[in-house]
Every structure is written in C-alpha cells, then in structure tokens.
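**Q** Contents are mmCIF, N, CA and C atoms; file name start.cif:
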```
data_input
loop_
_atom_site.label_atom_id
_atom_site.label_comp_id
_atom_site.auth_asym_id
_atom_site.auth_seq_id
_atom_site.Cartn_x
_atom_site.Cartn_y
_atom_site.Cartn_z
N MET G 1 1.29 -13.16 15.99
CA MET G 1 -0.10 -13.61 15.98
C MET G 1 -0.98 -12.44 15.54
N SER G 2 -2.06 -12.75 14.86
CA SER G 2 -2.95 -11.69 14.37
C SER G 2 -4.39 -11.96 14.81
N VAL G 3 -5.21 -10.91 14.66
CA VAL G 3 -6.60 -10.98 15.06
C VAL G 3 -7.45 -10.47 13.89
N SER G 4 -8.55 -11.16 13.64
CA SER G 4 -9.48 -10.77 12.58
C SER G 4 -10.63 -9.99 13.20
N ILE G 5 -10.94 -8.83 12.60
CA ILE G 5 -11.94 -7.93 13.16
C ILE G 5 -13.00 -7.64 12.11
N ARG G 6 -14.29 -7.73 12.50
CA ARG G 6 -15.40 -7.42 11.59
C ARG G 6 -16.27 -6.33 12.20
N LEU G 7 -16.61 -5.32 11.39
CA LEU G 7 -17.51 -4.27 11.85
C LEU G 7 -18.93 -4.80 11.71
N LYS G 8 -19.62 -4.98 12.85
CA LYS G 8 -20.95 -5.59 12.81
C LYS G 8 -22.08 -4.59 12.99
N LYS G 9 -21.77 -3.36 13.45
CA LYS G 9 -22.79 -2.33 13.59
C LYS G 9 -22.34 -1.07 12.88
N SER G 10 -23.31 -0.27 12.47
CA SER G 10 -23.04 0.95 11.72
C SER G 10 -22.35 1.99 12.59
N LEU G 11 -21.56 2.85 11.93
CA LEU G 11 -20.90 3.94 12.61
C LEU G 11 -21.78 5.19 12.68
N ILE G 12 -22.97 5.12 12.09
CA ILE G 12 -23.91 6.24 12.17
C ILE G 12 -24.34 6.38 13.63
N GLY G 13 -24.21 7.56 14.17
CA GLY G 13 -24.57 7.80 15.56
C GLY G 13 -23.41 7.61 16.51
N ALA G 14 -22.31 7.05 16.03
CA ALA G 14 -21.12 6.89 16.88
C ALA G 14 -20.42 8.24 17.00
N SER G 15 -19.66 8.41 18.06
CA SER G 15 -18.94 9.67 18.24
C SER G 15 -17.82 9.77 17.21
N ARG G 16 -17.35 10.98 17.01
CA ARG G 16 -16.28 11.21 16.03
C ARG G 16 -15.03 10.40 16.40
N ARG G 17 -14.73 10.31 17.68
CA ARG G 17 -13.55 9.54 18.11
C ARG G 17 -13.70 8.07 17.76
N GLN G 18 -14.91 7.52 17.93
CA GLN G 18 -15.14 6.11 17.60
C GLN G 18 -15.00 5.88 16.10
N VAL G 19 -15.50 6.82 15.29
CA VAL G 19 -15.38 6.71 13.84
C VAL G 19 -13.90 6.74 13.44
N LEU G 20 -13.12 7.60 14.08
CA LEU G 20 -11.70 7.69 13.77
C LEU G 20 -10.94 6.43 14.18
N VAL G 21 -11.33 5.82 15.29
CA VAL G 21 -10.70 4.57 15.71
C VAL G 21 -11.00 3.47 14.70
N ALA G 22 -12.25 3.39 14.25
CA ALA G 22 -12.63 2.39 13.24
C ALA G 22 -11.83 2.61 11.96
N ALA G 23 -11.69 3.86 11.55
CA ALA G 23 -10.93 4.16 10.34
C ALA G 23 -9.46 3.78 10.50
N SER G 24 -8.91 3.99 11.69
CA SER G 24 -7.50 3.63 11.91
C SER G 24 -7.29 2.12 11.86
N LEU G 25 -8.34 1.36 12.14
CA LEU G 25 -8.27 -0.10 12.01
C LEU G 25 -8.51 -0.55 10.58
N GLY G 26 -9.00 0.35 9.73
CA GLY G 26 -9.27 0.00 8.34
C GLY G 26 -10.70 -0.41 8.09
N LEU G 27 -11.61 -0.08 9.02
CA LEU G 27 -13.01 -0.45 8.90
C LEU G 27 -13.82 0.76 8.43
N LYS G 28 -14.58 0.58 7.34
CA LYS G 28 -15.36 1.69 6.80
C LYS G 28 -16.85 1.38 6.77
N ARG G 29 -17.20 0.16 6.39
CA ARG G 29 -18.60 -0.21 6.23
C ARG G 29 -18.93 -1.43 7.07
N VAL G 30 -20.21 -1.58 7.36
CA VAL G 30 -20.67 -2.76 8.08
C VAL G 30 -20.31 -4.00 7.25
N GLY G 31 -19.72 -4.97 7.89
CA GLY G 31 -19.33 -6.20 7.20
C GLY G 31 -17.86 -6.22 6.79
N ASP G 32 -17.18 -5.08 6.86
CA ASP G 32 -15.75 -5.05 6.53
C ASP G 32 -14.98 -5.92 7.51
N VAL G 33 -14.01 -6.66 6.98
CA VAL G 33 -13.16 -7.53 7.80
C VAL G 33 -11.71 -7.15 7.55
N VAL G 34 -10.95 -6.97 8.63
CA VAL G 34 -9.53 -6.68 8.53
C VAL G 34 -8.77 -7.62 9.45
N VAL G 35 -7.50 -7.81 9.14
CA VAL G 35 -6.62 -8.59 10.00
C VAL G 35 -5.56 -7.64 10.52
N GLN G 36 -5.44 -7.57 11.83
CA GLN G 36 -4.50 -6.67 12.49
C GLN G 36 -3.59 -7.48 13.40
N PRO G 37 -2.39 -6.98 13.67
CA PRO G 37 -1.52 -7.68 14.63
C PRO G 37 -2.12 -7.61 16.02
N ASN G 38 -1.94 -8.65 16.78
CA ASN G 38 -2.48 -8.70 18.15
C ASN G 38 -1.45 -8.11 19.10
N ASN G 39 -1.47 -6.77 19.20
CA ASN G 39 -0.55 -6.09 20.11
C ASN G 39 -1.32 -5.12 21.01
N GLU G 40 -0.62 -4.41 21.85
CA GLU G 40 -1.28 -3.53 22.82
C GLU G 40 -2.02 -2.38 22.15
N ALA G 41 -1.49 -1.83 21.07
CA ALA G 41 -2.15 -0.72 20.37
C ALA G 41 -3.49 -1.18 19.79
N THR G 42 -3.50 -2.32 19.16
CA THR G 42 -4.74 -2.85 18.59
C THR G 42 -5.74 -3.19 19.69
N THR G 43 -5.28 -3.76 20.78
CA THR G 43 -6.15 -4.11 21.89
C THR G 43 -6.81 -2.86 22.47
N GLY G 44 -6.07 -1.78 22.58
CA GLY G 44 -6.63 -0.52 23.07
C GLY G 44 -7.70 0.03 22.15
N LYS G 45 -7.46 -0.04 20.85
CA LYS G 45 -8.45 0.42 19.87
C LYS G 45 -9.71 -0.43 19.94
N LEU G 46 -9.53 -1.73 20.08
CA LEU G 46 -10.69 -2.63 20.14
C LEU G 46 -11.53 -2.35 21.38
N SER G 47 -10.90 -1.99 22.47
CA SER G 47 -11.66 -1.73 23.70
C SER G 47 -12.50 -0.47 23.57
N LYS G 48 -12.09 0.47 22.74
CA LYS G 48 -12.85 1.72 22.57
C LYS G 48 -14.14 1.52 21.78
N ILE G 49 -14.14 0.55 20.86
CA ILE G 49 -15.33 0.35 20.02
C ILE G 49 -15.77 -1.11 20.02
N ALA G 50 -15.58 -1.79 21.13
CA ALA G 50 -15.90 -3.22 21.22
C ALA G 50 -17.36 -3.51 20.94
N HIS G 51 -18.25 -2.57 21.26
CA HIS G 51 -19.68 -2.77 21.06
C HIS G 51 -20.08 -2.74 19.59
N LEU G 52 -19.16 -2.33 18.70
CA LEU G 52 -19.45 -2.26 17.27
C LEU G 52 -18.78 -3.39 16.50
N LEU G 53 -17.98 -4.19 17.18
CA LEU G 53 -17.12 -5.16 16.50
C LEU G 53 -17.43 -6.60 16.87
N GLU G 54 -16.94 -7.48 16.00
CA GLU G 54 -16.86 -8.91 16.30
C GLU G 54 -15.42 -9.30 16.08
N VAL G 55 -14.79 -9.88 17.09
CA VAL G 55 -13.37 -10.20 17.04
C VAL G 55 -13.18 -11.70 17.03
N VAL G 56 -12.34 -12.19 16.10
CA VAL G 56 -12.00 -13.60 16.01
C VAL G 56 -10.48 -13.71 16.13
N LYS G 57 -10.01 -14.47 17.11
CA LYS G 57 -8.56 -14.58 17.31
C LYS G 57 -7.98 -15.69 16.52
#
```
Show the structure stored in the file as structure tokens.

**A**
Amino acid sequence: MSVSIRLKKSLIGASRRQVLVAASLGLKRVGDVVVQPNNEATTGKLSKIAHLLEVVK
C-alpha cells in the first residue's frame, strides 16, 4: 500500500532537519506531490513535518 504526500507549506523558516526530511521524501517545492510506501520509516518522517504536509492514503 502507498501514501500520496503533498507539500502544502514552504520550507523557508523550517529547521535544517525538517528540510532534510522533506528532501528525503522527494519534496522540494510547495505543491510537489510524491507517492511513498506506507511503512514505519515513512510514517516517522511524516510525523516530523506533519504541519507542512497534506497526506492522502
């Protein structure tokens, strides 16, 4: 099963760690959409930057 993730807020002002988490998910710009596997690693990344994302299962 996979999960679709959209970056809905800018990474400007976010901490370096949050920017690196977004980059590891493949998100660079506001509006970018990626599909990731729904596993524990992805869930952990999503919890770190949940306030910047919109998640569709």

**Q** So which residues are close to (-17.4, -3.0, 8.0), meaning at most 10 Å away in the file's coordinates with only C-alpha atoms counted, and can you show them as a list in words?

**A**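 Those residues, ordered by chain and then number, are Ile5, Arg6, Leu7, Lys8, Lys9, Ser10, Leu11, Ala22, Ala23, Gly26, Leu27, Lys28, Arg29, Val30, Gly31, Asp32, Val33, Val34, Leu52 and Leu53 of chain G.
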
**Q** Give me, as an NGL selection string, the residues of chain G that a backbone DSSP run labels strand (DSSP E or B).

**A** :G and (2-7 or 33-37 or 53-56)

**Q** Rounded to one decimal place, report the atom CA of Ser15 of chain G-atom N of Val35 of chain G distance in Å.

**A**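 Interatomic distance here is 22.8 Å.
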
**Q** Which is closest to Val3 of chain G among G:Leu25, G:Leu20, G:Asn39, G:Ser47, if we use all atoms listed in the file?

**A** G:Asn39

**Q** DSSP says helix (DSSP H, G or I) for which residues of chain G? Put them as a list of chain:residue names?

**A**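 Reading the DSSP output for chain G, helix (DSSP H, G or I) covers G:Arg16, G:Arg17, G:Gln18, G:Val19, G:Leu20, G:Val21, G:Ala22, G:Ala23, G:Ser24, G:Leu25, G:Glu40, G:Ala41, G:Thr42, G:Thr43, G:Gly44, G:Lys45, G:Leu46, G:Ser47, G:Lys48, G:Ala50, G:His51, G:Leu52.
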
**Q** From the list G:Thr43, G:Ser4, G:Lys48, G:Glu54, which residue is nearest Arg17 of chain G when using only C-alpha atoms?

**A**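 Result for the nearest residue to Arg17 of chain G: G:Lys48.
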
**Q** What does the structure give for the distance between atom CA of Asn38 of chain G and atom C of Ser2 of chain G, in Å to one decimal?

**A**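 Distance between the two atoms: 5.0 Å.
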
**Q** One decimal, Å: what's the distance from atom N of Val55 of chain G over to atom C of Ala14 of chain G, could you say?

**A**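 It comes out at 19.0 Å.
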